[in-house]
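**Student:** The following block contains the structure, expressed as structure tokens.
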Amino acid sequence: MSDTPAPMRLLPVDDEQRNALHNEVHARPSARIRLPALVVYVAVLNEGISREQECEHLRRLPGQQELTPAQMQGNFLRLRCEGYTLRWERHTEFTRYSIVQPLPAQAVLGARTPRLLDALVVAPEWLREIPGRTIAAIQLAMVHGDLRAPDATMAQARRWFDDRPVVASVMGNNGHSLAVTDFQLGSDGFERILVIGPEATTETRAGRISQRLLELETYRIMALRGLPVAKALGATLGEAERQLADITAQLENKSASDQGLLDTLVALAARIERAMAEHDYRFAATRAYDTLVGQRLAELRERPIPGTQTLGEFMQRRLSPAMATVAATAQRLASLSERVARTSALLRTRVDIATEVQNQQLLAKLTRGQELQLRLQSTVEGLSIAAISYYVVSLLFYGVKAVKAAGVPLNVEIATGALIPLILWGVWRTTRRIHRKLRSD
């Protein structure tokens, strides 16, 4: 046991995610492959497939009965089995299985369409029953060859593909290897890629080459998953654009009721938002996968072979238009959503203006009614002053008669008539004071 003391820590307490984030760069290390070798690669969509189901399937391999889901939490697992190595990698949408095994003896460079799966190290049933739906399947053969004679080497490579048209690239700035494929699905459902490297090819370099080629083809297919969605959405977008144009024309010509236009526009907006909710992730994923394809092609550092298309040229010839179609459809959908929002704003503005006009008319009617009520109230108030004055004069008349009966020499009619103006002024004055009191309150 060493007596060396542990070094003193000079840092603050680690963030809880520091180790996980730091080790992410080591999460999926490249395989170490010794040439000649065969890589049997299968990528499956994992929607609805749990990690436990995948673990259960891996347990069926010889010697892996003790495997637990906890060992698969890092989304990467390398299993060393007798005579081969299996790599399991789980991604967001798909899971990859890579079996690295010895190349069959008859599959030498120059052989004509060798049967590679006859020497498969795992049971065919195990491969067939991988949980998920296949999205990519590749037989990647890696052999030794002389790159100093490219014409002869390419002639031997074409025999592998039964002399069908192939694409090929010399990879690396110093031309460390040659990759050949025909991008065709065989009757067994697999594509074939042949990598030819010199005797000095290291295991780590061979592992990096295989990883880049396998990822390149997988990401290409995943990127193309957005193309059927874009094509299917085209008819829906065309119909929605025509409907929006019709709504805008009716809005301009005032040929339909605002409520009817609003109902139609709300239904159209709901359809557009539903389409965005259903397909926005697919379009975003397509952009991300297309970016990864470009990165993997750049990492190959391809050099052309005279008379043969490179992998990147052949791939981008079809991939680029597809990605442009997906991008245009995504932009068209976003633009349509914005146009629906602007039309909705115009319609809301028209409805608001109409409502404001109606409110102004109603307010004018209320104001007119209040004026009439005030006039009526003034008229009634004048009559009330006259009536009150009449009752007061009547009371004073009887009072003056009572004074005359008591012996005071008075002319009842003259005395009462003289008091009438004073009484009218008093009643009017009292009414004004009541008005001032009410207004102050």
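Simple scheme: letters A, B, ... for chains in structure tokens order, numbers from 1 for residues in each chain, numbers from 1 for ligands in the order shown.
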Find the spatial neighbours of range 228-232 of chain A, counting only C-alpha atoms, within a cut-off of 9 Å - ignore same-chain residues fewer than 5 positions away - and output them as a PyMOL selection string.
**Tutor:** chain A and resi 279+282-283+325-330
**Student:** Show me, as a PyMOL selection string, the residues that have an atom within 9 Å of Leu419 in chain A when counting only C-alpha atoms, minus same-chain residues fewer than 5 positions from it.
**Tutor:** chain A and resi 393+396+414+424
**Student:** Could you write those residues out with all heavy atoms, as a CSV table (one decimal), in the first residue's frame?
**Tutor:**
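Output saved as again12.csv:
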```
chain,number,residue,atom,x,y,z
A,393,VAL,N,-99.5,79.5,-1.3
A,393,VAL,CA,-100.4,80.7,-1.4
A,393,VAL,C,-101.7,80.3,-0.8
A,393,VAL,O,-102.4,81.2,-0.1
A,393,VAL,CB,-100.5,81.1,-2.9
A,393,VAL,CG1,-101.6,82.2,-3.0
A,393,VAL,CG2,-99.2,81.7,-3.4
A,396,LEU,N,-101.4,80.6,2.9
A,396,LEU,CA,-101.4,82.0,3.4
A,396,LEU,C,-102.7,82.7,3.2
A,396,LEU,O,-103.1,83.5,4.1
A,396,LEU,CB,-100.3,82.7,2.5
A,396,LEU,CG,-98.8,82.3,2.8
A,396,LEU,CD1,-97.9,83.1,1.9
A,396,LEU,CD2,-98.5,82.7,4.3
A,414,ILE,N,-105.8,91.4,-1.7
A,414,ILE,CA,-104.7,92.2,-2.0
A,414,ILE,C,-103.4,91.7,-1.3
A,414,ILE,O,-102.3,91.6,-1.8
A,414,ILE,CB,-104.9,93.7,-1.7
A,414,ILE,CG1,-106.0,94.3,-2.6
A,414,ILE,CG2,-103.6,94.5,-1.8
A,414,ILE,CD1,-106.4,95.7,-2.3
A,424,LEU,N,-93.1,82.6,-4.8
A,424,LEU,CA,-92.5,82.0,-5.9
A,424,LEU,C,-90.9,82.0,-5.8
A,424,LEU,O,-90.2,81.0,-6.1
A,424,LEU,CB,-92.9,82.6,-7.2
A,424,LEU,CG,-94.4,82.3,-7.6
A,424,LEU,CD1,-94.8,83.2,-8.8
A,424,LEU,CD2,-94.6,80.9,-8.0
```
**Student:** Quick one: residues within 8 Å of Ser169 in chain A, only C-alpha atoms counted, chain neighbours fewer than 6 positions away excluded, as a PDB file with N, CA, C and O atoms, in the first residue's frame?
**Tutor:**
```
ATOM      1  N   LEU A 178      -8.987   3.212 -48.901  1.00  0.00           N
ATOM      2  CA  LEU A 178      -9.881   3.346 -50.044  1.00  0.00           C
ATOM      3  C   LEU A 178     -11.228   2.754 -49.659  1.00  0.00           C
ATOM      4  O   LEU A 178     -11.308   1.636 -49.146  1.00  0.00           O
ATOM      5  N   ALA A 179     -12.315   3.535 -49.877  1.00  0.00           N
ATOM      6  CA  ALA A 179     -13.669   3.072 -49.559  1.00  0.00           C
ATOM      7  C   ALA A 179     -14.456   2.928 -50.851  1.00  0.00           C
ATOM      8  O   ALA A 179     -14.451   3.835 -51.701  1.00  0.00           O
ATOM      9  N   VAL A 180     -15.156   1.792 -51.018  1.00  0.00           N
ATOM     10  CA  VAL A 180     -15.925   1.502 -52.226  1.00  0.00           C
ATOM     11  C   VAL A 180     -17.305   0.991 -51.803  1.00  0.00           C
ATOM     12  O   VAL A 180     -17.420   0.183 -50.882  1.00  0.00           O
ATOM     13  N   GLU A 302     -12.010  13.197 -48.409  1.00  0.00           N
ATOM     14  CA  GLU A 302     -12.006  12.387 -49.625  1.00  0.00           C
ATOM     15  C   GLU A 302     -11.117  12.977 -50.727  1.00  0.00           C
ATOM     16  O   GLU A 302     -11.012  14.194 -50.876  1.00  0.00           O
ATOM     17  N   ARG A 303     -10.541  12.081 -51.476  1.00  0.00           N
ATOM     18  CA  ARG A 303      -9.817  12.431 -52.703  1.00  0.00           C
ATOM     19  C   ARG A 303     -10.387  11.585 -53.829  1.00  0.00           C
ATOM     20  O   ARG A 303     -10.595  10.379 -53.661  1.00  0.00           O
ATOM     21  N   PRO A 304     -10.653  12.179 -54.980  1.00  0.00           N
ATOM     22  CA  PRO A 304     -11.315  11.433 -56.058  1.00  0.00           C
ATOM     23  C   PRO A 304     -10.385  10.445 -56.738  1.00  0.00           C
ATOM     24  O   PRO A 304      -9.165  10.590 -56.747  1.00  0.00           O
ATOM     25  N   ILE A 305     -11.015   9.423 -57.300  1.00  0.00           N
ATOM     26  CA  ILE A 305     -10.331   8.456 -58.152  1.00  0.00           C
ATOM     27  C   ILE A 305     -10.764   8.755 -59.585  1.00  0.00           C
ATOM     28  O   ILE A 305     -11.962   8.864 -59.864  1.00  0.00           O
ATOM     29  N   GLN A 309     -17.057   8.557 -59.210  1.00  0.00           N
ATOM     30  CA  GLN A 309     -17.590   9.541 -58.272  1.00  0.00           C
ATOM     31  C   GLN A 309     -17.139   9.213 -56.848  1.00  0.00           C
ATOM     32  O   GLN A 309     -17.026   8.043 -56.478  1.00  0.00           O
ATOM     33  N   THR A 310     -16.916  10.257 -56.070  1.00  0.00           N
ATOM     34  CA  THR A 310     -16.629  10.048 -54.658  1.00  0.00           C
ATOM     35  C   THR A 310     -17.924   9.762 -53.907  1.00  0.00           C
ATOM     36  O   THR A 310     -19.027  10.033 -54.401  1.00  0.00           O
ATOM     37  N   LEU A 311     -17.786   9.252 -52.683  1.00  0.00           N
ATOM     38  CA  LEU A 311     -18.964   8.982 -51.863  1.00  0.00           C
ATOM     39  C   LEU A 311     -19.739  10.271 -51.613  1.00  0.00           C
ATOM     40  O   LEU A 311     -20.976  10.296 -51.677  1.00  0.00           O
TER      41      LEU A 311
END
```
**Student:** Counting only C-alpha atoms, which residues of range 252-315 of chain A fall within 9 Å of range 217-224 of chain A, and what is the closest atom pair for each with its distance in Å at one decimal, ordered by chain and rising number, as a tab-separated table?
**Tutor:**
```
residue	atom	partner	partner_atom	distance
A:Phe283	CA	A:Ala223	CA	8.9
A:Ala285	CA	A:Ala223	CA	7.2
A:Thr286	CA	A:Ala223	CA	4.4
A:Arg287	CA	A:Ala223	CA	7.2
A:Ala288	CA	A:Ala223	CA	7.8
A:Tyr289	CA	A:Ala223	CA	5.0
A:Asp290	CA	A:Ala223	CA	5.6
A:Leu292	CA	A:Tyr219	CA	6.8
A:Val293	CA	A:Tyr219	CA	6.0
A:Met315	CA	A:Arg220	CA	8.3
```
**Student:** Please return, as a ChimeraX atom specification, all residues of range 208-316 of chain A that DSSP assigns to strand (DSSP E or B) on the basis of the backbone.
**Tutor:** /A:302-303,305,308
